[in-house]
file data.txt (compact mmCIF, C-alpha atoms (C1' of nucleotides))
# COMPACT_ATOMS: atom_id res chain seq x y z
CA MET A 1 116.08 98.04 44.40
CA GLU A 2 119.63 99.30 44.41
CA ARG A 3 118.23 102.40 46.04
CA ALA A 4 116.83 100.38 48.87
CA MET A 5 120.10 98.48 49.13
CA GLY A 6 121.93 101.77 49.48
CA VAL A 7 119.78 102.82 52.41
CA PHE A 8 120.19 99.55 54.29
CA TRP A 9 123.89 99.70 53.50
CA SER A 10 124.30 103.16 54.96
CA ARG A 11 122.04 102.82 57.98
CA GLY A 12 121.64 99.14 58.82
CA TYR A 13 118.42 97.19 59.12
CA HIS A 14 116.90 98.45 62.35
CA ALA A 15 117.88 102.06 61.80
CA THR A 16 116.24 102.13 58.39
CA ALA A 17 112.66 103.34 58.66
CA LEU A 18 109.97 103.06 56.02
CA PRO A 19 110.10 106.77 55.14
CA ASP A 20 113.82 106.32 54.37
CA LEU A 21 112.98 103.56 51.92
CA LEU A 22 110.14 105.53 50.34
CA ARG A 23 112.39 108.52 49.81
CA ALA A 24 115.13 106.37 48.31
CA THR A 25 112.95 104.30 46.02
CA LYS A 26 110.61 107.17 45.13
CA LEU A 27 107.76 104.74 45.58
CA SER A 28 104.53 105.25 47.45
CA ARG A 29 103.88 103.18 50.52
CA GLY A 30 101.33 101.05 48.74
CA SER A 31 103.51 100.48 45.71
CA LEU A 32 106.47 99.43 47.79
CA TYR A 33 104.45 96.86 49.68
CA ALA A 34 102.86 95.61 46.48
CA ALA A 35 106.27 95.21 44.85
CA PHE A 36 108.34 93.78 47.68
CA GLY A 37 106.09 92.60 50.49
CA ASP A 38 107.31 93.83 53.82
CA LYS A 39 110.48 95.50 55.05
CA HIS A 40 112.16 92.21 55.83
CA SER A 41 111.57 90.80 52.35
CA LEU A 42 112.88 93.94 50.75
CA PHE A 43 115.94 93.73 52.95
CA LEU A 44 116.63 90.14 51.92
CA ARG A 45 116.37 91.16 48.28
CA ALA A 46 118.83 93.96 48.84
CA LEU A 47 121.18 91.61 50.64
CA ASP A 48 120.95 89.10 47.81
CA ARG A 49 121.80 91.79 45.35
CA TYR A 50 124.79 92.86 47.43
CA VAL A 51 126.06 89.29 47.67
CA THR A 52 125.61 88.66 43.97
CA ASP A 53 127.48 91.83 43.09
CA ALA A 54 130.35 90.92 45.39
CA LEU A 55 130.72 87.37 44.09
CA THR A 56 130.45 88.50 40.48
CA ARG A 57 133.17 91.03 41.05
CA MET A 58 135.37 88.35 42.58
CA ASP A 59 134.92 86.15 39.55
CA ILE A 60 136.16 88.95 37.37
CA GLU A 61 139.06 89.90 39.60
CA LEU A 62 140.21 86.35 40.24
CA GLY A 63 139.22 85.06 36.81
CA ALA A 64 140.85 81.77 35.86
CA ARG A 65 142.42 83.27 32.76
CA ARG A 66 144.39 85.80 34.76
CA GLU A 67 147.65 85.30 36.55
CA PRO A 68 146.42 84.15 39.99
CA VAL A 69 148.72 86.36 42.04
CA GLU A 70 147.81 89.36 39.98
CA GLY A 71 144.16 88.45 40.48
CA LEU A 72 144.69 88.38 44.21
CA ARG A 73 146.38 91.75 44.07
CA THR A 74 143.45 93.19 42.15
CA TYR A 75 141.01 91.62 44.55
CA LEU A 76 142.82 93.07 47.55
CA ALA A 77 143.19 96.44 45.85
CA GLY A 78 139.42 96.55 45.67
CA TYR A 79 139.26 96.09 49.43
CA VAL A 80 141.81 98.85 49.92
CA GLU A 81 139.55 101.11 47.92
CA ARG A 82 136.43 100.09 49.82
CA THR A 83 137.88 100.20 53.32
CA SER A 84 139.63 103.56 53.34
CA GLY A 85 138.37 107.11 53.64
CA ALA A 86 134.69 107.75 53.05
CA ASN A 87 134.16 104.31 51.53
CA GLY A 88 135.51 102.78 54.70
CA ARG A 89 133.17 104.89 56.81
CA ARG A 90 130.22 103.64 54.86
CA GLY A 91 131.12 100.10 55.75
CA CYS A 92 129.80 96.87 54.31
CA LEU A 93 126.21 95.72 54.16
CA LEU A 94 127.20 92.12 54.62
CA VAL A 95 129.43 92.60 57.65
CA ALA A 96 126.95 94.99 59.25
CA THR A 97 124.16 92.50 58.65
CA ALA A 98 126.22 89.64 60.03
CA MET A 99 126.83 91.57 63.23
CA GLU A 100 123.31 92.94 63.53
CA LEU A 101 121.11 90.02 62.55
CA ALA A 102 123.06 86.77 62.27
CA GLY A 103 121.95 84.24 64.84
CA ARG A 104 118.52 85.84 65.14
CA ASP A 105 117.30 85.60 61.57
CA ALA A 106 117.57 82.29 59.77
CA ASP A 107 117.15 83.85 56.32
CA VAL A 108 120.10 86.08 57.02
CA ASP A 109 122.15 83.24 58.51
CA ARG A 110 121.98 81.23 55.32
CA ARG A 111 123.07 84.15 53.19
CA ILE A 112 125.96 85.15 55.43
CA ALA A 113 127.30 81.63 55.73
CA GLY A 114 126.87 81.03 52.01
CA PHE A 115 128.73 84.18 51.14
CA PHE A 116 131.73 83.42 53.31
CA LYS A 117 131.86 79.90 51.99
CA ALA A 118 131.70 81.03 48.36
CA MET A 119 134.25 83.73 48.94
CA GLU A 120 136.64 81.34 50.63
CA ALA A 121 136.27 78.85 47.78
CA LYS A 122 137.11 81.45 45.15
CA VAL A 123 140.17 82.63 47.04
CA ALA A 124 141.27 79.07 47.67
CA ASP A 125 140.97 78.34 43.97
CA ALA A 126 143.16 81.30 43.06
CA LEU A 127 145.69 80.25 45.67
CA SER A 128 145.73 76.70 44.34
CA ARG A 129 146.47 77.98 40.88
CA ALA A 130 149.20 80.18 42.28
CA LYS A 131 150.69 77.20 44.05
CA ALA A 132 150.63 75.18 40.86
CA ALA A 133 152.38 78.05 39.11
CA GLY A 134 155.00 78.08 41.85
CA THR A 135 154.28 81.64 42.91
CA LEU A 136 153.15 80.82 46.44
CA ALA A 137 155.58 81.14 49.33
CA ASP A 138 156.97 77.90 50.70
CA GLY A 139 154.73 76.11 53.16
CA VAL A 140 151.57 78.00 52.29
CA GLU A 141 148.55 75.76 52.06
CA PRO A 142 145.81 77.19 49.80
CA SER A 143 142.76 76.23 51.86
CA SER A 144 143.97 77.55 55.20
CA ALA A 145 145.49 80.60 53.54
CA ALA A 146 142.08 81.29 51.98
CA ARG A 147 140.45 81.26 55.41
CA ILE A 148 143.08 83.68 56.62
CA LEU A 149 142.48 86.02 53.71
CA VAL A 150 138.73 85.99 54.21
CA CYS A 151 139.14 86.90 57.87
CA PHE A 152 141.64 89.55 56.97
CA VAL A 153 139.50 91.33 54.40
CA GLU A 154 136.43 91.22 56.63
CA GLY A 155 138.55 92.66 59.41
CA LEU A 156 139.66 95.38 57.02
CA ARG A 157 136.02 96.33 56.65
CA VAL A 158 135.62 96.60 60.40
CA VAL A 159 138.75 98.67 60.92
CA GLY A 160 137.79 100.63 57.81
CA LYS A 161 134.93 102.18 59.79
CA THR A 162 137.58 104.44 61.34
CA ALA A 163 138.30 105.78 57.84
CA PRO A 164 142.03 105.05 57.54
CA THR A 165 144.00 106.54 54.65
CA ARG A 166 144.28 104.69 51.40
CA ASN A 167 148.02 104.39 51.85
CA ALA A 168 147.71 102.83 55.27
CA SER A 169 145.26 100.20 54.03
CA GLN A 170 147.37 99.49 50.98
CA ALA A 171 150.52 99.06 53.06
CA THR A 172 148.76 96.59 55.34
CA VAL A 173 147.51 94.59 52.38
CA ASP A 174 150.96 94.59 50.79
CA ALA A 175 152.59 93.41 53.99
CA LEU A 176 150.12 90.56 54.26
CA LEU A 177 150.50 89.44 50.70
CA ASP A 178 154.27 89.45 51.10
CA ARG A 179 153.93 86.65 53.62
CA PHE A 180 152.05 84.43 51.21
CA ILE A 181 153.61 84.87 47.79
CA LYS A 182 157.11 84.53 46.47
CA MET B 1 126.10 97.63 84.49
CA GLU B 2 127.53 94.37 83.23
CA ARG B 3 123.95 93.26 82.88
CA ALA B 4 123.19 96.16 80.59
CA MET B 5 126.40 95.47 78.68
CA GLY B 6 125.28 91.91 78.16
CA VAL B 7 122.01 93.02 76.60
CA PHE B 8 123.63 95.48 74.21
CA TRP B 9 126.19 92.85 73.40
CA SER B 10 123.60 90.25 72.48
CA ARG B 11 121.14 92.48 70.67
CA GLY B 12 122.93 95.61 69.48
CA TYR B 13 122.03 99.20 70.22
CA HIS B 14 118.90 99.77 68.16
CA ALA B 15 117.41 96.37 68.85
CA THR B 16 117.74 96.83 72.60
CA ALA B 17 114.56 98.32 74.05
CA LEU B 18 114.11 99.83 77.48
CA PRO B 19 112.15 96.85 78.82
CA ASP B 20 115.12 94.63 77.90
CA LEU B 21 117.41 96.80 79.98
CA LEU B 22 114.98 96.94 82.90
CA ARG B 23 114.68 93.18 82.93
CA ALA B 24 118.44 92.72 82.78
CA THR B 25 119.36 95.31 85.40
CA LYS B 26 116.35 94.56 87.63
CA LEU B 27 115.90 98.30 87.98
CA SER B 28 112.74 100.29 87.72
CA ARG B 29 112.41 102.79 84.90
CA GLY B 30 112.91 105.73 87.21
CA SER B 31 115.92 104.20 88.93
CA LEU B 32 117.63 103.39 85.67
CA TYR B 33 117.24 106.94 84.41
CA ALA B 34 118.37 108.35 87.75
CA ALA B 35 121.46 106.16 87.74
CA PHE B 36 122.56 106.34 84.12
CA GLY B 37 120.76 109.15 82.36
CA ASP B 38 119.37 108.02 79.05
CA LYS B 39 119.78 104.94 76.90
CA HIS B 40 122.68 106.41 74.97
CA SER B 41 124.66 107.26 78.09
CA LEU B 42 124.11 103.80 79.48
CA PHE B 43 125.28 102.35 76.21
CA LEU B 44 128.48 104.38 76.25
CA ARG B 45 129.16 103.19 79.78
CA ALA B 46 128.67 99.60 78.71
CA LEU B 47 130.95 100.12 75.74
CA ASP B 48 133.62 101.65 77.97
CA ARG B 49 133.42 98.69 80.23
CA TYR B 50 133.75 96.31 77.31
CA VAL B 51 136.79 98.16 75.97
CA THR B 52 138.45 98.31 79.37
CA ASP B 53 137.94 94.60 79.90
CA ALA B 54 139.40 93.78 76.51
CA LEU B 55 142.48 95.96 76.91
CA THR B 56 143.08 94.71 80.44
CA ARG B 57 142.93 91.16 79.21
CA MET B 58 145.42 91.97 76.49
CA ASP B 59 147.85 93.41 79.02
CA ILE B 60 147.71 90.16 80.90
CA GLU B 61 148.01 87.93 77.87
CA LEU B 62 150.78 89.94 76.21
CA GLY B 63 152.41 90.97 79.48
CA ALA B 64 156.00 92.17 79.13
CA ARG B 65 157.30 89.53 81.50
CA ARG B 66 156.09 86.71 79.30
CA GLU B 67 157.75 85.26 76.26
CA PRO B 68 156.25 87.49 73.50
CA VAL B 69 155.45 84.68 71.08
CA GLU B 70 153.77 82.72 73.80
CA GLY B 71 151.84 85.83 74.72
CA LEU B 72 150.66 86.17 71.15
CA ARG B 73 149.62 82.55 71.13
CA THR B 74 147.61 83.06 74.30
CA TYR B 75 146.08 86.21 72.93
CA LEU B 76 145.03 84.46 69.73
CA ALA B 77 143.79 81.44 71.64
CA GLY B 78 141.39 83.79 73.40
CA TYR B 79 140.02 84.83 70.03
CA VAL B 80 139.65 81.21 68.98
CA GLU B 81 137.58 80.69 72.10
CA ARG B 82 135.45 83.79 71.53
CA THR B 83 134.86 83.33 67.81
CA SER B 84 133.79 79.70 67.63
CA GLY B 85 130.56 77.95 68.47
CA ALA B 86 128.04 79.76 70.65
CA ASN B 87 130.57 82.42 71.66
CA GLY B 88 131.11 83.19 68.01
CA ARG B 89 127.37 83.49 67.46
CA ARG B 90 127.10 86.03 70.21
CA GLY B 91 129.60 88.22 68.45
CA CYS B 92 131.47 91.21 69.73
CA LEU B 93 130.00 94.38 71.18
CA LEU B 94 132.78 96.48 69.76
CA VAL B 95 132.63 95.18 66.22
CA ALA B 96 128.83 95.28 66.20
CA THR B 97 128.92 98.85 67.48
CA ALA B 98 131.51 99.86 64.92
CA MET B 99 129.33 98.56 62.12
CA GLU B 100 126.07 99.88 63.55
CA LEU B 101 126.99 103.30 64.87
CA ALA B 102 130.46 104.40 63.77
CA GLY B 103 130.32 107.42 61.50
CA ARG B 104 126.99 108.53 62.94
CA ASP B 105 127.85 108.89 66.59
CA ALA B 106 130.92 110.89 67.55
CA ASP B 107 131.08 109.43 71.07
CA VAL B 108 131.21 105.97 69.58
CA ASP B 109 133.73 106.99 66.92
CA ARG B 110 136.27 108.07 69.50
CA ARG B 111 135.95 104.85 71.46
CA ILE B 112 136.21 102.59 68.41
CA ALA B 113 139.22 104.39 66.99
CA GLY B 114 140.86 104.49 70.41
CA PHE B 115 140.35 100.81 70.93
CA PHE B 116 141.86 99.77 67.61
CA LYS B 117 144.80 102.08 68.14
CA ALA B 118 145.47 100.75 71.64
CA MET B 119 145.09 97.18 70.50
CA GLU B 120 147.46 97.67 67.61
CA ALA B 121 150.01 99.29 69.90
CA LYS B 122 149.94 96.38 72.32
CA VAL B 123 150.34 93.83 69.54
CA ALA B 124 153.10 95.88 67.94
CA ASP B 125 154.92 95.99 71.25
CA ALA B 126 154.77 92.23 71.63
CA LEU B 127 155.97 91.78 68.07
CA SER B 128 158.86 94.18 68.66
CA ARG B 129 159.95 92.19 71.66
CA ALA B 130 159.66 89.01 69.63
CA LYS B 131 161.80 90.53 66.92
CA ALA B 132 164.42 91.58 69.46
CA ALA B 133 164.39 88.02 70.76
CA GLY B 134 164.91 86.74 67.24
CA THR B 135 161.69 84.73 67.19
CA LEU B 136 160.05 86.65 64.37
CA ALA B 137 160.16 85.32 60.83
CA ASP B 138 162.58 87.05 58.48
CA GLY B 139 161.29 90.23 56.92
CA VAL B 140 158.43 90.73 59.34
CA GLU B 141 158.06 94.31 60.42
CA PRO B 142 156.31 94.65 63.83
CA SER B 143 154.14 97.70 63.10
CA SER B 144 152.67 96.47 59.84
CA ALA B 145 152.34 92.95 61.20
CA ALA B 146 150.38 94.40 64.12
CA ARG B 147 147.93 96.05 61.73
CA ILE B 148 147.53 92.75 59.95
CA LEU B 149 146.84 90.91 63.18
CA VAL B 150 144.27 93.46 64.30
CA CYS B 151 142.42 93.12 61.01
CA PHE B 152 142.65 89.38 61.22
CA VAL B 153 141.21 89.03 64.69
CA GLU B 154 138.39 91.47 63.97
CA GLY B 155 137.66 89.49 60.84
CA LEU B 156 137.58 86.35 62.96
CA ARG B 157 134.80 87.96 64.97
CA VAL B 158 132.82 88.63 61.82
CA VAL B 159 133.24 85.16 60.40
CA GLY B 160 132.66 83.81 63.91
CA LYS B 161 129.02 84.85 63.58
CA THR B 162 128.58 81.71 61.47
CA ALA B 163 129.62 79.68 64.53
CA PRO B 164 132.59 77.73 63.12
CA THR B 165 134.07 74.88 65.12
CA ARG B 166 136.81 75.53 67.62
CA ASN B 167 139.20 73.41 65.61
CA ALA B 168 138.58 75.31 62.42
CA SER B 169 139.25 78.65 64.10
CA GLN B 170 142.33 77.30 65.83
CA ALA B 171 143.73 75.92 62.59
CA THR B 172 143.29 79.26 60.87
CA VAL B 173 145.02 81.08 63.70
CA ASP B 174 147.87 78.58 63.69
CA ALA B 175 148.34 78.90 59.96
CA LEU B 176 148.52 82.67 60.27
CA LEU B 177 150.97 82.67 63.12
CA ASP B 178 153.18 80.28 61.17
CA ARG B 179 153.75 83.00 58.59
CA PHE B 180 155.01 85.46 61.17
CA ILE B 181 157.12 83.57 63.65
CA LYS B 182 160.13 81.32 63.32
C1' DC C 1 86.77 110.45 23.26
C1' DG C 2 85.37 107.42 27.38
C1' DA C 3 86.54 103.20 30.03
C1' DT C 4 89.76 100.86 32.69
C1' DT C 5 93.87 99.86 34.92
C1' DT C 6 97.80 101.58 37.68
C1' DA C 7 100.09 104.10 40.88
C1' DA C 8 100.53 108.02 44.04
C1' DA C 9 99.26 110.49 48.28
C1' DG C 10 98.36 110.25 52.63
C1' DA C 11 94.85 109.20 56.28
C1' DC C 12 94.73 105.79 59.48
C1' DC C 13 95.84 101.78 62.65
C1' DA C 14 97.64 99.31 66.79
C1' DA C 15 101.96 98.65 68.85
C1' DT C 16 106.09 100.21 70.50
C1' DC C 17 109.70 103.60 71.06
C1' DG C 18 112.46 106.49 74.69
C1' DG C 19 111.44 109.29 78.46
C1' DT C 20 108.79 111.63 82.50
C1' DC C 21 106.13 111.66 86.44
C1' DT C 22 103.10 110.39 90.24
C1' DA C 23 101.60 107.52 93.65
C1' DT C 24 102.79 103.79 96.69
C1' DA C 25 105.55 100.99 99.29
C1' DT C 26 109.92 100.11 101.70
C1' DA C 27 113.69 101.18 104.17
C1' DT C 28 116.37 104.20 107.19
C1' DA C 29 116.95 107.52 110.91
C1' DA C 30 115.48 110.21 114.81
C1' DT D 1 107.11 105.20 117.39
C1' DT D 2 107.07 108.97 113.72
C1' DA D 3 109.50 111.43 110.12
C1' DT D 4 112.18 111.17 106.13
C1' DA D 5 114.55 109.57 102.40
C1' DT D 6 114.65 105.97 98.62
C1' DA D 7 113.19 103.03 95.31
C1' DT D 8 109.36 100.68 93.35
C1' DA D 9 105.48 99.94 89.98
C1' DG D 10 103.30 101.60 86.40
C1' DA D 11 100.34 105.28 84.37
C1' DC D 12 101.19 108.42 81.03
C1' DC D 13 103.32 111.30 77.20
C1' DG D 14 104.22 112.55 72.24
C1' DA D 15 106.67 110.57 68.55
C1' DT D 16 107.57 106.95 65.59
C1' DT D 17 107.38 102.11 64.21
C1' DG D 18 105.78 98.77 60.30
C1' DG D 19 101.73 98.00 57.82
C1' DT D 20 96.82 98.71 55.64
C1' DC D 21 93.36 101.04 53.19
C1' DT D 22 90.84 104.62 50.82
C1' DT D 23 90.73 108.38 47.85
C1' DT D 24 92.40 110.71 43.95
C1' DA D 25 95.15 111.46 40.02
C1' DA D 26 97.64 109.75 36.03
C1' DA D 27 98.38 106.60 32.43
C1' DT D 28 96.91 103.16 29.22
C1' DC D 29 93.79 101.18 26.07
C1' DG D 30 89.49 100.38 23.30
call {"tool": "encode", "arguments": {"input": "data.txt", "output": "structure tokens"}}
result
Amino acid sequence: MERAMGVFWSRGYHATALPDLLRATKLSRGSLYAAFGDKHSLFLRALDRYVTDALTRMDIELGARREPVEGLRTYLAGYVERTSGANGRRGCLLVATAMELAGRDADVDRRIAGFFKAMEAKVADALSRAKAAGTLADGVEPSSAARILVCFVEGLRVVGKTAPTRNASQATVDALLDRFIK
Amino acid sequence: MERAMGVFWSRGYHATALPDLLRATKLSRGSLYAAFGDKHSLFLRALDRYVTDALTRMDIELGARREPVEGLRTYLAGYVERTSGANGRRGCLLVATAMELAGRDADVDRRIAGFFKAMEAKVADALSRAKAAGTLADGVEPSSAARILVCFVEGLRVVGKTAPTRNASQATVDALLDRFIK
DNA sequence: CGATTTAAAGACCAATCGGTCTATATATAA
DNA sequence: TTATATATAGACCGATTGGTCTTTAAATCG
């Protein structure tokens, strides 16, 4: 499964051909269809896995027991890592899928919208806790700031396709965070 | 040409088949190949047109004769328009291309990187003028703020695929701008 | 061991891909 | 008018697409 996810991640949905998936999963044609149905079903499974991984990681990084601002820093540091150099080049399965299939595939639409909503909620929660702790900059409202952060990190993934340096991505993240925390 | 651009824009590179392009351009197969070469060449032309349009629009919106902050507001208002509702659903040819082809197509790579660089430079210039005019918030550095804004607007395009309301997009943009201007 | 289930290999299918080419019709020019 | 250039429609090409099916080999089990 993760193998198949890796192929879709690297190549996108349309550019991934069956032989690519067979090579990656080391399954025969018949076995793959028996196990997953068709290409589209396998793709949805891969996408679900990707979303689950991302949200699980966020729960760890932004965990309620941690200092919220430090959680946000960790969360953003992960994006720095994933959007610079070769990792940046590889891109993001979710963003690529949103751009390639959203609006033309209802199954995908639900997953994309659900992911952004969940992500925004988790960020908003961390920001609320930061506000309660008095570590948020004056005038920052958690819910709108969360929407800003979601847009920002997804934009990082887009710009990351040009493989910026780690330092450049980190500096951008730092400059953004400076506007929102004390 | 714009017709072909529209098809690539709506469907992406791989999902656009020759019959789609023939229908859109109202050209015969032979004429299309005589005029543009192959599919890839036609795509690059469409992408160039898209990039030129976007940068030209930015020059108008952020024009040096205008109040820089007002220029930025106009610029961002354009993104609100393009990333909400049906416009949001349609997406962005440049972002879709970055996610679909960047890293696997050198001709595309150059155009994507060039676009982001040019865009960032234009935003940085407007922010510099705002800073000189004293309308920038304290501690905001034009070049890093420009990188933030570029990421933010590209992220808006990604999230825009879920077709948010105009008001929601506008509120997010307003909240961001509030952190950067006086 | 032999019997049975499971999975691999790959032939095979219709449909479609991007691309070429020929024949026909439509202008344009003399 | 006739001659010529231009663009059309669409047949045609090999390659590849996602998907099915049959044959054979490898496990598993009694």
call {"tool": "residues_around", "arguments": {"input": "data.txt", "residues": "Ile148 of chain B", "least_positions_apart": "5", "cutoff": "8 Å", "atoms": "all atoms listed in the file", "output": "list of chain:residue names"}}
result
A:Phe152, A:Thr172, A:Val173, A:Ala175, A:Leu176
call {"tool": "atom_distance", "arguments": {"input": "data.txt", "atom1": "atom CA of Ser169 of chain B", "atom2": "atom CA of Ala106 of chain A"}}
result
22.4 Å
call {"tool": "closest_residue", "arguments": {"input": "data.txt", "among": "B:Val158, B:Leu32, B:Leu27, B:Val51", "to": "chain A", "atoms": "all atoms listed in the file"}}
result
B:Val158
call {"tool": "interface_residues", "arguments": {"input": "data.txt", "of": "chain A", "to": "chain C", "cutoff": "9 Å", "atoms": "only C-alpha atoms (C1' of nucleotides)", "output": "MDAnalysis selection string"}}
result
chainID A and resid 27:31
call {"tool": "residues_around", "arguments": {"input": "data.txt", "residues": "Asn87 of chain A", "least_positions_apart": "5", "cutoff": "10 Å", "atoms": "all atoms listed in the file", "output": "ChimeraX atom specification"}}
result
/A:79-82,92,157,160-161,163-164
call {"tool": "closest_residue", "arguments": {"input": "data.txt", "among": "B:Asp107, B:Glu141, B:Glu154, B:Asp53", "to": "chain A", "atoms": "all atoms listed in the file"}}
result
B:Glu154
call {"tool": "interface_residues", "arguments": {"input": "data.txt", "of": "chain A", "to": "chain B", "cutoff": "6 Å", "atoms": "all atoms listed in the file", "output": "mmCIF file with C-alpha atoms, in the frame of the given file"}}
result
data_model
loop_
_atom_site.group_PDB
_atom_site.id
_atom_site.type_symbol
_atom_site.label_atom_id
_atom_site.label_comp_id
_atom_site.auth_asym_id
_atom_site.auth_seq_id
_atom_site.Cartn_x
_atom_site.Cartn_y
_atom_site.Cartn_z
ATOM 1 C CA ALA A 96 126.950 94.990 59.250
ATOM 2 C CA MET A 99 126.830 91.570 63.230
ATOM 3 C CA ALA A 113 127.300 81.630 55.730
ATOM 4 C CA SER A 144 143.970 77.550 55.200
ATOM 5 C CA CYS A 151 139.140 86.900 57.870
ATOM 6 C CA PHE A 152 141.640 89.550 56.970
ATOM 7 C CA GLU A 154 136.430 91.220 56.630
ATOM 8 C CA GLY A 155 138.550 92.660 59.410
ATOM 9 C CA LEU A 156 139.660 95.380 57.020
ATOM 10 C CA THR A 162 137.580 104.440 61.340
ATOM 11 C CA THR A 172 148.760 96.590 55.340
#
call {"tool": "closest_residue", "arguments": {"input": "data.txt", "among": "A:Ala4, A:Met119, A:Ala34, A:Leu22", "to": "Leu55 of chain A", "atoms": "only C-alpha atoms"}}
result
A:Met119
call {"tool": "interface_residues", "arguments": {"input": "data.txt", "of": "chain D", "to": "chain A", "cutoff": "10 Å", "atoms": "all atoms listed in the file", "output": "list in words"}}
result
DT16, DT17, DG18, DG19, DT20 and DC21 of chain D
call {"tool": "axis_aligned_box", "arguments": {"input": "data.txt", "around": "segment 119-125 of chain A", "padding_each_side": "4 Å", "output": "lines of an AutoDock Vina configuration file"}}
result
center_x = 137.8
center_y = 81.0
center_z = 47.3
size_x = 15.0
size_y = 13.4
size_z = 14.7
call {"tool": "residues_around", "arguments": {"input": "data.txt", "residues": "Ser128 of chain B", "least_positions_apart": "5", "cutoff": "9 Å", "atoms": "only C-alpha atoms (C1' of nucleotides)", "output": "PDB file with C-alpha atoms, keeping the file's coordinate frame"}}
result
ATOM      1  CA  PRO B  68     156.250  87.490  73.500  1.00  0.00           C
ATOM      2  CA  VAL B 123     150.340  93.830  69.540  1.00  0.00           C
ATOM      3  CA  ALA B 133     164.390  88.020  70.760  1.00  0.00           C
ATOM      4  CA  LEU B 136     160.050  86.650  64.370  1.00  0.00           C
ATOM      5  CA  GLU B 141     158.060  94.310  60.420  1.00  0.00           C
ATOM      6  CA  PRO B 142     156.310  94.650  63.830  1.00  0.00           C
ATOM      7  CA  SER B 143     154.140  97.700  63.100  1.00  0.00           C
TER       8      SER B 143
END
call {"tool": "atom_distance", "arguments": {"input": "data.txt", "atom1": "atom CA of Thr135 of chain A", "atom2": "atom CA of Lys182 of chain A"}}
result
5.4 Å
call {"tool": "atom_distance", "arguments": {"input": "data.txt", "atom1": "atom CA of Pro19 of chain B", "atom2": "atom CA of Phe8 of chain A"}}
result
26.0 Å
call {"tool": "decode", "arguments": {"input": "data.txt", "residues": "segment 19-30 of chain C", "atoms": "N, CA and C atoms (P, O5', C5', C4', C3', O3' and C1' of nucleotides)", "output": "compact mmCIF listing (two decimals), in the first residue's frame"}}
result
# COMPACT_ATOMS: atom_id res chain seq x y z
P DG C 19 2.58 14.47 -29.60
O5' DG C 19 2.49 13.82 -31.05
C5' DG C 19 3.28 12.66 -31.33
C4' DG C 19 3.02 12.20 -32.76
C3' DG C 19 3.08 13.29 -33.83
O3' DG C 19 4.13 12.98 -34.74
C1' DG C 19 1.22 11.86 -34.14
P DT C 20 4.46 13.88 -36.02
O5' DT C 20 3.82 13.02 -37.22
C5' DT C 20 4.21 11.66 -37.38
C4' DT C 20 3.51 11.05 -38.58
C3' DT C 20 3.64 11.85 -39.89
O3' DT C 20 4.06 10.95 -40.90
C1' DT C 20 1.37 11.34 -39.48
P DC C 21 4.55 11.53 -42.32
O5' DC C 21 3.33 11.11 -43.27
C5' DC C 21 2.59 9.94 -42.96
C4' DC C 21 1.31 9.90 -43.79
C3' DC C 21 1.38 10.70 -45.10
O3' DC C 21 0.82 9.91 -46.13
C1' DC C 21 -0.51 11.34 -43.85
P DT C 22 1.20 10.30 -47.68
O5' DT C 22 -0.17 9.97 -48.42
C5' DT C 22 -1.03 8.97 -47.90
C4' DT C 22 -2.49 9.33 -48.15
C3' DT C 22 -2.75 10.04 -49.48
O3' DT C 22 -3.95 9.51 -50.04
C1' DT C 22 -3.67 11.30 -47.76
P DA C 23 -4.17 9.53 -51.65
O5' DA C 23 -5.74 9.78 -51.78
C5' DA C 23 -6.62 9.34 -50.77
C4' DA C 23 -7.67 10.40 -50.48
C3' DA C 23 -8.18 11.15 -51.71
O3' DA C 23 -9.59 11.18 -51.69
C1' DA C 23 -7.52 12.69 -50.08
P DT C 24 -10.43 11.62 -52.98
O5' DT C 24 -11.22 12.90 -52.47
C5' DT C 24 -11.88 12.86 -51.20
C4' DT C 24 -12.11 14.26 -50.69
C3' DT C 24 -12.72 15.23 -51.72
O3' DT C 24 -13.89 15.77 -51.17
C1' DT C 24 -10.92 16.25 -50.59
P DA C 25 -15.04 16.38 -52.11
O5' DA C 25 -15.14 17.87 -51.56
C5' DA C 25 -15.31 18.11 -50.18
C4' DA C 25 -14.63 19.40 -49.77
C3' DA C 25 -15.12 20.66 -50.50
O3' DA C 25 -15.49 21.60 -49.53
C1' DA C 25 -12.77 20.59 -50.45
P DT C 26 -16.56 22.77 -49.97
O5' DT C 26 -15.76 24.09 -49.60
C5' DT C 26 -14.89 24.09 -48.46
C4' DT C 26 -13.79 25.11 -48.61
C3' DT C 26 -14.20 26.40 -49.33
O3' DT C 26 -13.77 27.49 -48.56
C1' DT C 26 -12.18 25.61 -50.20
P DA C 27 -14.83 28.75 -48.34
O5' DA C 27 -13.84 30.02 -48.37
C5' DA C 27 -13.20 30.29 -49.61
C4' DA C 27 -11.71 30.39 -49.41
C3' DA C 27 -11.15 31.65 -50.04
O3' DA C 27 -10.23 32.28 -49.18
C1' DA C 27 -10.15 29.70 -51.02
P DT C 28 -10.08 33.90 -49.33
O5' DT C 28 -8.85 34.02 -50.36
C5' DT C 28 -7.61 33.41 -50.04
C4' DT C 28 -6.74 33.30 -51.28
C3' DT C 28 -6.63 34.59 -52.10
O3' DT C 28 -5.27 34.98 -52.15
C1' DT C 28 -6.95 32.70 -53.50
P DA C 29 -4.90 36.40 -52.80
O5' DA C 29 -4.31 35.97 -54.21
C5' DA C 29 -3.57 34.74 -54.30
C4' DA C 29 -3.09 34.49 -55.71
C3' DA C 29 -2.91 35.73 -56.57
O3' DA C 29 -1.76 35.55 -57.39
C1' DA C 29 -4.51 34.32 -57.58
P DA C 30 -1.22 36.77 -58.20
O5' DA C 30 -1.42 36.26 -59.70
C5' DA C 30 -0.85 35.01 -60.09
C4' DA C 30 -1.39 34.63 -61.48
C3' DA C 30 -1.46 35.80 -62.45
O3' DA C 30 -0.38 35.69 -63.39
C1' DA C 30 -3.53 34.57 -62.43
